[in-house]
Amino acid sequence: MRVILLGAPGAGKGTQGALLAKRHDAERIATGELLRDAVRSDSPLGRKAKSYMDAGELVPDDLILEMVREVIAEEARDGFVLDGFPRTVDQADGLRAILNGLGMPLDGVVVLKVDDEVLIKRLSGRRPCPECKAVYNIYFDPPEQAGICDRCGAELQQRSDDDPETVKHRIQVYARQTRPLVEYYQASDTPVVFVDGAQPVDAVQSDIEDQLAGAVRA
Ligand code: AP5
């Protein structure tokens, strides 16, 4: 499987990407997570990226492409699910060049559609585990004990860019800089499928599988 997940902040790219990657034994490459790891480890990339991320802006394309080029070449030979990348036309052009160079065509692009009010509620309720990366939601998928990870017992946190003002700005940035990629891929040979991301997690997952299978057969 070689797919891109497109969708606004909170559309469920991380949730669905993890399930898809597990089921298809593919690598999930999530640029947001790679960047947060870089910030946590205070690496040169992390120091450059932090102010953009805190403001809800996109990190510059050259930094992102440099970061993913190596990851795709080294980790994605058996398939990948791209979560949060590409996010601009320049990144999509860069990805096309990388994949052409590796002889790895894309199977499809999945667009997750969710209304803004739901996105805002999901992100205000999101509580990721900083240790094992499990993701909870106080409204939709709470942990058994409030604030504590069911899997590893660590204290859950809120992402610094999940405050309401930054969330609204991230949604605007998505509309301006990333949504145009839907047309970009519709104008290409890669199948593009649209999935209602507001359904329960399992229903979204099975729609993704069904629609991708249909698009590949068509
Ligand atoms: P990134 O980490 O990619 O954030 P994002 O795109 O804003 O997406 P999110 O992680 O917020 O949401 P998601 O769609 O993954 O939803 P999730 O599954 O977690 O990027 C962060 C920042 O890094 C960017 O702002 C930018 O600065 C930088 N960056 C990253 N990539 C970049 C790039 N390529 N170029 C430039 N800059 C880049 O779900 C959200 C919540 O909803 C969770 O609590 C979950 O449990 C819940 N949920 C999910 N699905 C459902 C459902 N079906 N029903 C009920 N609840 C659900």
# chains A, B, ... in the order shown; residues from 1 in each chain; ligands from 1

$ select_by_dssp --residues "range 16-143 of chain A" --states "helix (DSSP H, G or I)" --output "ChimeraX atom specification"
/A:16-24,31-40,44-54,61-75,89-102,116-125

$ residues_near_ligand --ligand "ligand 1" --cutoff "7 Å" --atoms "only C-alpha atoms and all ligand atoms" --output "ChimeraX atom specification"
/A:7-16,30-33,35,52-53,56-61,64,83-87,122-123,125-127,135-137,140-141,170,197-201,204

$ atom_distance --atom1 "CA of Pro164 in chain A" --atom2 "CA of Ser51 in chain A"
17.4 Å

$ atom_distance --atom1 "CA of Tyr185 in chain A" --atom2 "CA of Asn100 in chain A"
15.3 Å

$ atom_distance --atom1 "CA of Leu112 in chain A" --atom2 "CA of Gln205 in chain A"
10.6 Å

$ closest_residue --among "A:Cys129, A:Ile171, A:Met67, A:Val193" --to "Asp115 in chain A" --atoms "only C-alpha atoms"
A:Ile171

$ closest_residue --among "A:Gly103, A:His24, A:Val71, A:Leu63" --to "Gly46 in chain A" --atoms "only C-alpha atoms"
A:Leu63

$ closest_residue --among "A:Asp42, A:Asp90, A:Asp196, A:Asp54" --to "Glu165 in chain A" --atoms "only C-alpha atoms"
A:Asp54

$ residues_around --residues "range 181-183 of chain A" --least-positions-apart "3" --cutoff "12 Å" --atoms "only C-alpha atoms" --output "VMD selection string"
chain A and resid 4 to 8 84 to 93 108 to 113 174 to 178 186 to 194

$ closest_residue --among "A:Pro130, A:Gly214, A:Pro142, A:Gly17" --to "Arg159 in chain A" --atoms "only C-alpha atoms"
A:Pro130

$ closest_residue --among "A:Leu19, A:Val118, A:Val195, A:Cys132" --to "Glu155 in chain A" --atoms "only C-alpha atoms"
A:Cys132

$ closest_residue --among "A:Val173, A:Arg179, A:Asp161, A:Ala134" --to "Ile148 in chain A" --atoms "only C-alpha atoms"
A:Ala134

$ residues_around --residues "Glu27 in chain A" --least-positions-apart "5" --cutoff "7 Å" --atoms "only C-alpha atoms" --output "list in words"
Ala21, Glu75, Ala76, Gly79, Phe80 and Val81 of chain A

$ write_last_selection --atoms "C-alpha atoms" --output "mmCIF file, in the first residue's frame"
data_model
loop_
_atom_site.group_PDB
_atom_site.id
_atom_site.type_symbol
_atom_site.label_atom_id
_atom_site.label_comp_id
_atom_site.auth_asym_id
_atom_site.auth_seq_id
_atom_site.Cartn_x
_atom_site.Cartn_y
_atom_site.Cartn_z
ATOM 1 C CA ALA A 21 -0.397 0.964 8.265
ATOM 2 C CA GLU A 75 11.734 2.942 5.674
ATOM 3 C CA ALA A 76 9.023 2.821 3.040
ATOM 4 C CA GLY A 79 4.657 0.470 1.471
ATOM 5 C CA PHE A 80 3.692 3.655 3.275
ATOM 6 C CA VAL A 81 0.854 5.758 4.555
#

$ select_by_dssp --residues "range 44-214 of chain A" --states "strand (DSSP E or B)" --output "PyMOL selection string"
chain A and resi 80-83+108-113+126-128+135-137+141+148+155+192-196
